[in-house]
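**Student:** Take this structure first; my questions come after.
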Amino acid sequence: MAPTADKAREDGRQEMRIDGYTKFWQKDANKEAEVDTTIRLDSYSDVVNGYYDGATELYEYGWAKCFHFSRFYKGESFAASLARHEHYLSSNMQLRAGMRVLDVGCGVGGPAREIAQFSDANIVGLNNNDFQVHRARKYTKKAGLENQVTFVKGDFMKLAEQFGENSFDAVYAIEATCHAPTWEGVYGEIMKVLKPGGVFGVYEWCMTDAWDPSNPKHKELQHQIELGNGIPEMRTIRKSREALLSVGFEIEHEEDLADRPDEIRWYYPLEGDLSKAQTLWDLFTVWRMSWSGKFVTHSALWVFEKIGMLPKGTVDVGETLKIAADALVKGGQTKLFTPMYLVISRKPIQN
Ligand SMILES: C[S@@+](CC[C@H](N)C(=O)[O-])C[C@H]1O[C@@H](n2cnc3c(N)ncnc32)[C@H](O)[C@@H]1O
């Protein structure tokens, strides 16, 4: 169905993969039944890599080098909020000096660098996307953290094969394991590479338990979130909890942080409403998500792709990002979706 590997560019991206990304979906949710979800699940590497080969630079330009959401306090800057979200996970996991920690699905390493500085732990970032691994290494060297934070290419569905069992004191995953074809698969691998007594912390992307698969509007929202974010299949909070327990984790703390009664909602930067920007500098971040900001970005992408400065298919992936932004805001407003189901769980000492 979709094209697989072709010749990689020097930067690690593969044009055919980007160009093939949208073929994994019917844009019209009503025709979605014509596309077999199992194809996306079986081809999860091509789905995710096609998406991130096209979306990485857009994320960095339009958001930050940390590819995740966060809660906001009044007057808190966008950058401070992202960092606080990472510190919150680190402190709930009690990460500290001397620990060897795995960051599963590490993006371009923004959270790994921040958490390393915050906790003094040594961090290994794992990512299946060559382009992001290159960038993560470059930014980390620039920050002078290359002895504390390292990056490897690998698939989080095969962690034990790559690292061996019982090899990390702690593992965390920030908005990454939603890309897995099954949660049992990825959580099971995390369980294997953790030392007995080791801690796993995750911010998971989920449909909330209010989401009803028999409701066509809810199904459409799920479909838009999948298409716009390179996710083979969006699943519920209940399924995440069940998968963690089924592979043997002991859950110590769980909370949907999106359910806190925050005045400034987690999705506000996506709304593109300049009046909601919390600081002067954040006006620019919010503007990029406004109608005019999206128009400028899209036009620039179109020109860059036409003259060959960006790989073919980048404009199409950019289009899906617009669908993503609208769907995520809708999912947040209706509380049918959360990007921050926090779970802190532990591998039993004896298993
Ligand atoms: C939304 S990004 C989050 C990145 C990072 N945690 C952050 O917060 O900046 C999801 C990440 O998961 C990675 N990923 C997806 N599927 C993967 C897989 N099978 N193995 C390893 N990494 C994967 C993607 O390449 C991407 O870097």
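Residue numbers start at 1 in each chain; chains themselves are named A, B, ... in the order of the structure tokens; ligands are numbered from 1 in the order shown.
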If we count only C-alpha atoms and set the cut-off at 9 Å, which residues sit around Gly12 (chain A), ignoring sequence neighbours fewer than 4 positions away in its own chain? Please answer as a list in words.
**Tutor:** Ala8, Asp53, Asn129, Asp130, Phe131, Gln132, Val133 and His134 of chain A
**Student:** With N, CA and C atoms retained, write the just-selected residues as an mmCIF file, in the first residue's frame.
**Tutor:**
data_model
loop_
_atom_site.group_PDB
_atom_site.id
_atom_site.type_symbol
_atom_site.label_atom_id
_atom_site.label_comp_id
_atom_site.auth_asym_id
_atom_site.auth_seq_id
_atom_site.Cartn_x
_atom_site.Cartn_y
_atom_site.Cartn_z
ATOM 1 N N ALA A 8 17.947 7.206 1.647
ATOM 2 C CA ALA A 8 17.871 8.235 2.677
ATOM 3 C C ALA A 8 18.688 9.458 2.271
ATOM 4 N N ASP A 53 9.565 12.654 9.669
ATOM 5 C CA ASP A 53 10.468 13.201 8.652
ATOM 6 C C ASP A 53 9.893 14.518 8.119
ATOM 7 N N ASN A 129 13.701 7.552 14.714
ATOM 8 C CA ASN A 129 13.752 8.462 13.571
ATOM 9 C C ASN A 129 15.165 9.048 13.425
ATOM 10 N N ASP A 130 15.840 8.680 12.333
ATOM 11 C CA ASP A 130 17.228 9.106 12.115
ATOM 12 C C ASP A 130 17.394 10.624 12.139
ATOM 13 N N PHE A 131 16.476 11.301 11.482
ATOM 14 C CA PHE A 131 16.574 12.762 11.371
ATOM 15 C C PHE A 131 16.581 13.400 12.767
ATOM 16 N N GLN A 132 15.682 12.905 13.630
ATOM 17 C CA GLN A 132 15.618 13.462 14.991
ATOM 18 C C GLN A 132 16.859 13.094 15.806
ATOM 19 N N VAL A 133 17.360 11.873 15.617
ATOM 20 C CA VAL A 133 18.559 11.469 16.369
ATOM 21 C C VAL A 133 19.734 12.391 16.001
ATOM 22 N N HIS A 134 19.899 12.685 14.710
ATOM 23 C CA HIS A 134 20.972 13.601 14.278
ATOM 24 C C HIS A 134 20.837 14.942 14.979
#
**Student:** If we count only C-alpha atoms, what is near region 344-348 of chain A at a cut-off of 8 Å, once residues fewer than 2 positions away on the same chain are taken out, given as JSON, numbers by chain?
**Tutor:** {"A": [92, 93, 191, 194, 195, 196, 197, 198, 199, 200, 201, 202, 248, 249, 250, 251, 252, 253, 254, 342, 350, 351]}
**Student:** Taking only residues of chain A that have an atom at most 6 Å from an atom of ligand 1, what is each one's shortest atom pair and its distance in Å to one decimal, using only C-alpha atoms and all ligand atoms, in chain and number order, as a tab-separated table?
**Tutor:**
residue	atom	partner	partner_atom_place_in_ligand_line	distance
A:Val48	CA	ligand 1	15 (C)	5.8
A:Cys66	CA	ligand 1	9 (O)	3.7
A:Phe67	CA	ligand 1	9 (O)	3.6
A:His68	CA	ligand 1	8 (O)	4.5
A:Gly105	CA	ligand 1	12 (O)	3.5
A:Cys106	CA	ligand 1	5 (C)	4.1
A:Gly107	CA	ligand 1	27 (O)	3.2
A:Gly110	CA	ligand 1	9 (O)	5.6
A:Pro111	CA	ligand 1	9 (O)	5.7
A:Leu126	CA	ligand 1	21 (C)	5.9
A:Asn127	CA	ligand 1	22 (N)	3.8
A:Asn128	CA	ligand 1	21 (C)	4.0
A:Asn129	CA	ligand 1	25 (O)	4.8
A:Gly154	CA	ligand 1	21 (C)	5.7
A:Asp155	CA	ligand 1	20 (N)	3.5
A:Phe156	CA	ligand 1	20 (N)	3.9
A:Met157	CA	ligand 1	19 (N)	5.8
A:Ile174	CA	ligand 1	6 (N)	4.2
A:Glu175	CA	ligand 1	3 (C)	5.1
A:Ala176	CA	ligand 1	10 (C)	3.9
A:His179	CA	ligand 1	16 (N)	5.0
A:Ala180	CA	ligand 1	19 (N)	6.0
**Student:** Considering only C-alpha atoms, can you say which of A:Lys335, A:Arg241, A:Arg13, A:Arg137 comes closest to Met207 (chain A)?
**Tutor:** A:Lys335
**Student:** Hey, what's within 9 Å of region 86-88 of chain A if we count only C-alpha atoms and toss same-chain stuff fewer than 2 positions away? As a list in words, please?
**Tutor:**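 Result of the neighbour search: Ser70, Ser81, Leu82, Ala83, Arg84, Ser90, Ser91, Asn92, Met93, Pro111, Ala112, Glu114, Ile115, Phe118, Ser119 and Ile174 of chain A.
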**Student:** What residues in region 57-134 of chain A get the DSSP label strand (DSSP E or B)? Please answer as a ChimeraX atom specification.
**Tutor:** /A:100-104,122-127
**Student:** Name the residues in contact with Arg113 (chain A) at a cut-off of 10 Å, using only C-alpha atoms, excluding same-chain residues fewer than 2 positions from it; report them as an MDAnalysis selection string.
**Tutor:** chainID A and resid 66 108:111 115:118 122:123 125 136 139:140 143:146 148:150
**Student:** Extract, using only C-alpha atoms, all DNA, RNA and protein residues at most 7 Å from Gln224 (chain A), discarding same-chain residues fewer than 6 positions from it, and format them as an MDAnalysis selection string.
**Tutor:** chainID A and resid 323:324 327
**Student:** When you draw a straight line from CA of Thr37 (chain A) to CA of Thr236 (chain A), how long is it in Å?
**Tutor:**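 If I compute the distance from CA of Thr37 (chain A) to CA of Thr236 (chain A), I get 16.3 Å.
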**Student:** Hey, which of A:Thr56, A:Ser290, A:Thr208, A:Thr285 ends up closest to Pro339 (chain A)? Count only C-alpha atoms.
**Tutor:** A:Thr208
**Student:** For Gly332 (chain A), which of A:Trp281, A:Tyr44, A:Phe69, A:Tyr59 is the closest residue, counting only C-alpha atoms?
**Tutor:**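 Checking each candidate against Gly332 (chain A), we get A:Phe69 as the closest.
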**Student:** Pick out the closest residue to Arg9 (chain A) from this set: A:Gly98, A:Gly331, A:Pro311, A:Gly318. Count only C-alpha atoms.
**Tutor:** A:Pro311
